[in-house]
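Participant: So here's upload.csv, just CSV, C-alpha atoms:
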```
chain,number,residue,atom,x,y,z
O,1,MET,CA,29.8,245.8,50.8
O,2,LEU,CA,31.0,248.8,52.9
O,3,LEU,CA,33.9,251.2,53.3
O,4,GLY,CA,36.3,251.1,56.3
O,5,LYS,CA,39.5,252.6,57.6
O,6,ILE,CA,42.2,250.4,59.2
O,7,VAL,CA,42.9,251.9,62.6
O,8,GLY,CA,44.9,249.0,64.1
O,9,THR,CA,45.7,245.4,64.2
O,10,ALA,CA,44.6,242.6,66.6
O,11,VAL,CA,46.6,239.5,67.6
O,12,ALA,CA,45.1,236.3,69.2
O,13,THR,CA,47.3,233.3,70.0
O,14,ILE,CA,44.6,231.2,71.7
O,15,LYS,CA,41.8,231.0,69.1
O,16,THR,CA,39.9,228.5,67.0
O,17,LEU,CA,42.2,226.5,64.8
O,18,GLU,CA,40.8,227.6,61.5
O,19,LEU,CA,41.8,231.2,62.3
O,20,THR,CA,45.5,230.5,62.3
O,21,GLY,CA,47.3,232.5,59.8
O,22,VAL,CA,44.5,235.0,59.4
O,23,LYS,CA,45.7,238.6,59.8
O,24,LEU,CA,43.2,240.6,62.0
O,25,LEU,CA,42.7,244.3,61.3
O,26,VAL,CA,40.8,246.7,63.6
O,27,VAL,CA,38.6,248.8,61.2
O,28,GLN,CA,36.4,251.8,61.6
O,29,PRO,CA,33.3,251.5,59.2
O,30,LEU,CA,32.9,254.7,57.2
O,31,ASN,CA,29.9,256.4,55.5
O,32,LYS,CA,29.7,257.9,52.0
O,33,ASN,CA,31.6,261.0,53.2
O,34,LEU,CA,34.3,258.8,54.7
O,35,GLU,CA,33.3,259.8,58.2
O,36,PRO,CA,33.2,257.2,61.0
O,37,SER,CA,29.8,255.5,61.2
O,38,GLY,CA,29.2,252.7,63.7
O,39,SER,CA,31.6,251.1,66.2
O,40,LEU,CA,35.0,249.6,65.6
O,41,GLN,CA,35.1,246.0,64.3
O,42,VAL,CA,37.8,243.4,63.5
O,43,ALA,CA,38.1,242.3,59.9
O,44,ALA,CA,40.2,239.5,58.4
O,45,ASP,CA,42.7,240.9,55.9
O,46,ALA,CA,42.3,239.4,52.4
O,47,THR,CA,44.1,242.2,50.7
O,48,GLN,CA,47.4,243.0,52.6
O,49,ALA,CA,46.0,246.3,53.8
O,50,GLY,CA,48.0,248.3,56.2
O,51,TYR,CA,47.5,250.9,59.0
O,52,GLY,CA,45.6,254.0,57.8
O,53,ASP,CA,44.4,252.4,54.5
O,54,ILE,CA,40.8,253.0,53.4
O,55,VAL,CA,39.5,249.6,52.4
O,56,PHE,CA,36.2,248.1,51.2
O,57,MET,CA,34.9,245.1,53.1
O,58,VAL,CA,32.3,242.3,52.7
O,59,ARG,CA,30.3,240.6,55.5
O,60,ALA,CA,28.7,237.2,56.1
O,61,ARG,CA,29.6,234.1,54.2
O,62,GLU,CA,31.3,236.1,51.5
O,63,ALA,CA,33.8,237.3,54.1
O,64,ALA,CA,35.0,233.7,54.5
O,65,LEU,CA,35.0,233.1,50.8
O,66,ALA,CA,37.4,236.0,50.3
O,67,LEU,CA,40.2,234.1,52.1
O,68,GLU,CA,42.2,231.3,50.6
O,69,GLU,CA,41.5,228.7,53.1
O,70,LYS,CA,38.0,227.3,53.1
O,71,PHE,CA,35.5,227.8,55.9
O,72,VAL,CA,37.4,230.3,58.0
O,73,PRO,CA,35.1,231.5,60.8
O,74,VAL,CA,35.1,235.2,60.0
O,75,ASP,CA,32.1,237.5,59.2
O,76,LEU,CA,33.9,240.6,57.9
O,77,SER,CA,36.9,240.7,55.5
O,78,ALA,CA,38.8,243.6,54.0
O,79,ILE,CA,38.9,242.7,50.3
O,80,GLY,CA,40.3,245.7,48.5
O,81,VAL,CA,42.4,248.8,49.1
O,82,VAL,CA,40.6,252.0,48.0
O,83,ASP,CA,42.4,254.5,45.8
O,84,THR,CA,39.7,257.1,45.5
O,85,VAL,CA,36.0,257.5,46.5
O,86,ASP,CA,34.1,260.0,44.3
O,87,VAL,CA,30.7,260.8,45.7
O,88,ASP,CA,28.4,263.4,44.0
O,89,ARG,CA,27.1,265.4,46.9
O,90,SER,CA,24.7,267.5,44.8
O,91,ILE,CA,22.3,264.4,44.6
O,92,ARG,CA,19.9,265.0,47.4
O,93,ASP,CA,16.6,263.5,46.3
O,94,PHE,CA,16.4,259.9,47.7
O,95,GLU,CA,12.7,259.7,48.0
O,96,LEU,CA,10.4,257.4,46.0
O,97,SER,CA,7.0,258.9,45.2
O,98,TRP,CA,3.6,257.2,45.1
O,99,GLY,CA,2.1,256.4,41.8
O,100,TYR,CA,4.0,256.5,38.5
O,101,SER,CA,7.5,257.9,38.4
O,102,GLN,CA,9.8,258.0,35.4
O,103,PHE,CA,13.6,258.2,35.7
O,104,ALA,CA,15.7,260.2,33.3
A,1,MET,CA,16.1,243.5,45.2
A,2,ILE,CA,15.8,247.2,46.2
A,3,ILE,CA,15.5,250.5,44.4
A,4,ALA,CA,18.6,252.7,44.9
A,5,LYS,CA,20.4,255.7,43.3
A,6,VAL,CA,24.0,255.6,42.2
A,7,ILE,CA,25.7,258.5,44.0
A,8,GLY,CA,29.4,257.8,43.4
A,9,THR,CA,32.2,255.5,42.4
A,10,VAL,CA,35.0,253.7,44.2
A,11,VAL,CA,38.3,253.1,42.4
A,12,SER,CA,40.5,250.3,43.8
A,13,THR,CA,43.5,248.6,42.1
A,14,ILE,CA,44.6,246.2,44.8
A,15,LYS,CA,41.5,244.1,45.4
A,16,HIS,CA,40.1,240.6,45.2
A,17,PRO,CA,40.3,239.2,41.6
A,18,ALA,CA,36.6,238.7,41.4
A,19,TYR,CA,36.1,242.5,41.6
A,20,HIS,CA,38.2,243.1,38.4
A,21,SER,CA,36.3,244.2,35.2
A,22,TYR,CA,33.4,245.6,37.2
A,23,LYS,CA,32.8,249.1,38.4
A,24,LEU,CA,32.3,249.5,42.1
A,25,GLN,CA,29.6,252.0,42.8
A,26,VAL,CA,28.3,253.8,45.9
A,27,VAL,CA,24.5,253.4,46.1
A,28,GLN,CA,21.9,255.0,48.3
A,29,PRO,CA,18.6,253.0,48.8
A,30,LEU,CA,15.5,255.1,48.0
A,31,ASN,CA,12.8,255.4,50.7
A,32,LEU,CA,9.1,256.2,50.6
A,33,PRO,CA,8.0,259.5,52.0
A,34,GLY,CA,8.0,259.3,55.8
A,35,GLU,CA,10.3,256.3,56.0
A,36,LEU,CA,13.8,256.4,57.5
A,37,PRO,CA,16.6,256.6,54.9
A,38,GLU,CA,18.8,253.5,54.8
A,39,GLU,CA,22.6,253.3,54.9
A,40,THR,CA,24.6,254.0,51.8
A,41,PHE,CA,26.6,250.9,50.6
A,42,LEU,CA,28.8,249.6,47.8
A,43,ALA,CA,27.5,247.5,44.9
A,44,LEU,CA,29.3,246.0,41.9
A,45,ASP,CA,27.9,247.2,38.7
A,46,SER,CA,26.9,244.7,36.0
A,47,ALA,CA,24.5,247.1,34.3
A,48,HIS,CA,26.9,249.9,33.4
A,49,ALA,CA,24.9,252.5,35.4
A,50,GLY,CA,26.2,256.0,35.8
A,51,VAL,CA,26.1,258.4,38.8
A,52,GLY,CA,22.6,259.7,39.2
A,53,ASP,CA,20.9,256.6,37.7
A,54,THR,CA,18.1,254.9,39.6
A,55,VAL,CA,19.0,251.2,39.7
A,56,LEU,CA,17.9,247.8,40.8
A,57,VAL,CA,20.3,246.3,43.4
A,58,MET,CA,20.4,242.7,44.3
A,59,ARG,CA,21.9,241.8,47.7
A,60,GLU,CA,22.7,238.1,47.8
A,61,GLY,CA,25.9,236.3,47.3
A,62,ASN,CA,24.6,233.4,45.1
A,63,GLY,CA,23.0,235.9,42.7
A,64,ALA,CA,26.3,237.8,42.4
A,65,ARG,CA,28.2,234.5,41.7
A,66,GLN,CA,25.7,233.7,39.0
A,67,VAL,CA,26.1,237.1,37.4
A,68,THR,CA,29.9,237.1,37.5
A,69,GLN,CA,30.2,233.3,36.8
A,70,ILE,CA,33.0,233.2,39.3
A,71,LYS,CA,33.0,230.4,41.8
A,72,ASP,CA,33.4,231.6,45.4
A,73,ALA,CA,33.3,235.3,44.4
A,74,PRO,CA,33.1,237.3,47.7
A,75,ILE,CA,30.4,239.7,46.4
A,76,ILE,CA,27.1,240.4,48.0
A,77,SER,CA,25.5,243.5,46.3
A,78,MET,CA,25.2,243.9,42.6
A,79,ILE,CA,23.5,246.5,40.4
A,80,VAL,CA,21.5,244.3,38.1
A,81,GLY,CA,19.4,246.8,36.2
A,82,ILE,CA,18.8,250.5,35.4
A,83,LEU,CA,15.2,251.4,36.1
A,84,ASP,CA,13.2,253.4,33.5
A,85,SER,CA,10.1,253.8,35.7
A,86,VAL,CA,8.3,252.6,38.8
A,87,GLU,CA,4.6,252.5,39.7
A,88,ILE,CA,3.6,252.2,43.3
A,89,THR,CA,-0.1,252.0,43.8
A,90,GLU,CA,-1.9,253.9,46.6
A,91,GLN,CA,-3.0,250.7,48.4
A,92,ALA,CA,0.6,250.2,49.4
A,93,LYS,CA,0.3,253.4,51.4
A,94,GLY,CA,-1.3,251.6,54.4
A,95,ASN,CA,1.3,249.0,55.0
A,96,SER,CA,4.3,251.2,55.2
A,97,ARG,CA,3.1,253.1,58.3
```
Now that the file is in, can you turn its structure into structure tokens?
Facilitator:
Amino acid sequence: MLLGKIVGTAVATIKTLELTGVKLLVVQPLNKNLEPSGSLQVAADATQAGYGDIVFMVRAREAALALEEKFVPVDLSAIGVVDTVDVDRSIRDFELSWGYSQFA
Amino acid sequence: MIIAKVIGTVVSTIKHPAYHSYKLQVVQPLNLPGELPEETFLALDSAHAGVGDTVLVMREGNGARQVTQIKDAPIISMIVGILDSVEITEQAKGNSR
């Protein structure tokens, strides 16, 4: 799952039938520091998120599972509105070493 | 599964019901020396890990549904264990280049 910011909405009248009633949000994927990372995408709204909200999203089949109707053709859904993101920036060591390593 | 480190937590009240009663953690996959670091992502925590722990993260929906026992749970990544130690033998050195 990943973080995103709602930067707009999308409307499509001519579309596949299963997409009727699905609210489309334009989202900017975010990295751990809540900075934009990657290009804008359109997500189905499964959590009544609004403009400017930070949300967390899910991709693939799980995106379709998040919506009430079954088998909606979506590959990205906003499934929760984020209240706070608390990242410990002092953690810098993300390297695995060869041989035996013990973790505290 | 992959080896990752928990670097933070996400708090969310309005969310899909399947996400209730689990902590949503920010995890960073660990990489071998010389490899490119991967993207940070979010994982639901079923192992009660804390920030700074090195954990085992499973990234497949069916596994998440088995852990949470919730039919149609829209979850992909789950922390399924806290690692005590890892041993990577030298022979693996050749393949990662």
Participant: Would you compute the distance between atom CA of Ser77 of chain A and atom CA of Thr20 of chain O? Give it in Å to one decimal.
Facilitator: 28.7 Å
Participant: Interatomic distance between atom CA of Ile14 of chain A and atom CA of Lys70 of chain O?
Facilitator: 21.7 Å
Participant: Taking a cut-off of 9 Å and counting all atoms listed in the file, can you build a table that, for each residue of segment 51-101 of chain O near segment 40-53 of chain A, reports the nearest atom pair and how far apart they are in Å (one decimal), sorted by chain then residue number, as CSV?
Facilitator:
```
residue,atom,partner,partner_atom,distance
O:Phe56,CA,A:Leu42,CA,8.3
O:Val87,CA,A:Val51,CA,8.6
O:Asp88,CA,A:Val51,CA,7.6
O:Ile91,CA,A:Gly52,CA,7.2
```
Participant: How many Å separate atom CA of Lys23 of chain O from atom CA of Leu2 of chain O?
Facilitator: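 A separation of 19.2 Å between them.
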Participant: As a PyMOL selection string, could you give me every residue of chain O near chain A (at most 7 Å apart, counting all atoms listed in the file)?
Facilitator: chain O and resi 1-2+31-32+47+62-63+65-66+79-88+91+94-103
Participant: Which residue is closest to Gly38 of chain O? Choose from O:Ser90, O:Leu3, O:Asp75, O:Leu19 and count all atoms listed in the file.
Facilitator: O:Leu3
Participant: Just the residues within 12 Å of Ala43 of chain O, please, counting all atoms listed in the file, with nothing from its chain fewer than 3 positions along; format it as a PyMOL selection string.
Facilitator: chain O and resi 2-11+19+22-29+40+46-49+55-60+63-64+66-67+73-79
Participant: May I have the selected residues written with C-alpha atoms, as a compact mmCIF listing (two decimals), in the frame of the given file?
Facilitator:
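The resulting file, out_39.txt, is reproduced below:
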```
# COMPACT_ATOMS: atom_id res chain seq x y z
CA LEU O 2 31.00 248.80 52.90
CA LEU O 3 33.90 251.20 53.30
CA GLY O 4 36.30 251.10 56.30
CA LYS O 5 39.50 252.60 57.60
CA ILE O 6 42.20 250.40 59.20
CA VAL O 7 42.90 251.90 62.60
CA GLY O 8 44.90 249.00 64.10
CA THR O 9 45.70 245.40 64.20
CA ALA O 10 44.60 242.60 66.60
CA VAL O 11 46.60 239.50 67.60
CA LEU O 19 41.80 231.20 62.30
CA VAL O 22 44.50 235.00 59.40
CA LYS O 23 45.70 238.60 59.80
CA LEU O 24 43.20 240.60 62.00
CA LEU O 25 42.70 244.30 61.30
CA VAL O 26 40.80 246.70 63.60
CA VAL O 27 38.60 248.80 61.20
CA GLN O 28 36.40 251.80 61.60
CA PRO O 29 33.30 251.50 59.20
CA LEU O 40 35.00 249.60 65.60
CA ALA O 46 42.30 239.40 52.40
CA THR O 47 44.10 242.20 50.70
CA GLN O 48 47.40 243.00 52.60
CA ALA O 49 46.00 246.30 53.80
CA VAL O 55 39.50 249.60 52.40
CA PHE O 56 36.20 248.10 51.20
CA MET O 57 34.90 245.10 53.10
CA VAL O 58 32.30 242.30 52.70
CA ARG O 59 30.30 240.60 55.50
CA ALA O 60 28.70 237.20 56.10
CA ALA O 63 33.80 237.30 54.10
CA ALA O 64 35.00 233.70 54.50
CA ALA O 66 37.40 236.00 50.30
CA LEU O 67 40.20 234.10 52.10
CA PRO O 73 35.10 231.50 60.80
CA VAL O 74 35.10 235.20 60.00
CA ASP O 75 32.10 237.50 59.20
CA LEU O 76 33.90 240.60 57.90
CA SER O 77 36.90 240.70 55.50
CA ALA O 78 38.80 243.60 54.00
CA ILE O 79 38.90 242.70 50.30
```
Participant: Identify which of the residues A:Tyr22, A:Gln69, A:Gly63, A:Met1 lies closest to Gly81 of chain A, counting only C-alpha atoms when measuring atom-to-atom distances.
Facilitator: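 Ranking A:Tyr22, A:Gln69, A:Gly63, A:Met1 by distance to Gly81 of chain A, first place goes to A:Met1.
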Participant: Using all atoms listed in the file, find the one residue out of O:Ala104, O:Arg89, O:Gly21, O:Thr13 that sits nearest to Asp45 of chain O.
Facilitator: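 Closest to Asp45 of chain O of all the choices is O:Gly21.
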Participant: Kindly complete segment 52-77 of chain A to N, CA and C atoms; the output should be written as a short mmCIF file (atom, residue, chain, number, x, y, z; two decimals), in the frame of the given file.
Facilitator:
```
data_model
loop_
_atom_site.label_atom_id
_atom_site.label_comp_id
_atom_site.auth_asym_id
_atom_site.auth_seq_id
_atom_site.Cartn_x
_atom_site.Cartn_y
_atom_site.Cartn_z
N GLY A 52 23.84 259.02 39.42
CA GLY A 52 22.60 259.70 39.20
C GLY A 52 21.49 258.75 38.72
N ASP A 53 21.89 257.57 38.21
CA ASP A 53 20.90 256.60 37.70
C ASP A 53 20.13 255.99 38.87
N THR A 54 18.84 255.70 38.61
CA THR A 54 18.10 254.90 39.60
C THR A 54 18.18 253.46 39.16
N VAL A 55 18.63 252.61 40.07
CA VAL A 55 19.00 251.20 39.70
C VAL A 55 18.32 250.20 40.58
N LEU A 56 18.39 248.96 40.07
CA LEU A 56 17.90 247.80 40.80
C LEU A 56 19.12 247.12 41.42
N VAL A 57 19.11 246.94 42.75
CA VAL A 57 20.30 246.30 43.40
C VAL A 57 19.90 245.03 44.06
N MET A 58 20.62 244.00 43.72
CA MET A 58 20.40 242.70 44.30
C MET A 58 21.44 242.43 45.37
N ARG A 59 21.00 241.93 46.54
CA ARG A 59 21.90 241.80 47.70
C ARG A 59 22.01 240.41 48.18
N GLU A 60 22.54 239.49 47.36
CA GLU A 60 22.70 238.10 47.80
C GLU A 60 23.82 237.45 47.09
N GLY A 61 24.69 236.76 47.84
CA GLY A 61 25.90 236.30 47.30
C GLY A 61 25.75 235.33 46.09
N ASN A 62 24.77 234.40 46.22
CA ASN A 62 24.60 233.40 45.10
C ASN A 62 24.27 234.12 43.82
N GLY A 63 23.41 235.13 43.92
CA GLY A 63 23.00 235.90 42.70
C GLY A 63 24.25 236.53 42.09
N ALA A 64 25.12 237.08 42.96
CA ALA A 64 26.30 237.80 42.40
C ALA A 64 27.22 236.74 41.76
N ARG A 65 27.31 235.54 42.33
CA ARG A 65 28.20 234.50 41.70
C ARG A 65 27.62 234.09 40.38
N GLN A 66 26.27 234.05 40.27
CA GLN A 66 25.70 233.70 39.00
C GLN A 66 25.99 234.75 37.93
N VAL A 67 25.89 236.02 38.33
CA VAL A 67 26.10 237.10 37.40
C VAL A 67 27.57 237.10 36.90
N THR A 68 28.48 236.97 37.86
CA THR A 68 29.90 237.10 37.50
C THR A 68 30.47 235.76 37.00
N GLN A 69 29.70 234.66 37.20
CA GLN A 69 30.20 233.30 36.80
C GLN A 69 31.54 233.01 37.43
N ILE A 70 31.78 233.53 38.62
CA ILE A 70 33.00 233.20 39.30
C ILE A 70 32.69 232.43 40.56
N LYS A 71 33.26 231.22 40.66
CA LYS A 71 33.00 230.40 41.80
C LYS A 71 33.60 231.06 43.05
N ASP A 72 32.91 231.00 44.18
CA ASP A 72 33.40 231.60 45.40
C ASP A 72 33.72 233.08 45.34
N ALA A 73 33.03 233.81 44.48
CA ALA A 73 33.30 235.30 44.40
C ALA A 73 32.72 235.90 45.70
N PRO A 74 33.54 236.65 46.44
CA PRO A 74 33.10 237.30 47.70
C PRO A 74 32.33 238.57 47.42
N ILE A 75 31.21 238.48 46.71
CA ILE A 75 30.40 239.70 46.40
C ILE A 75 29.03 239.49 46.90
N ILE A 76 28.45 240.55 47.47
CA ILE A 76 27.10 240.40 48.00
C ILE A 76 26.13 241.30 47.13
N SER A 77 26.49 242.59 46.98
CA SER A 77 25.50 243.50 46.30
C SER A 77 25.94 243.78 44.90
#
```
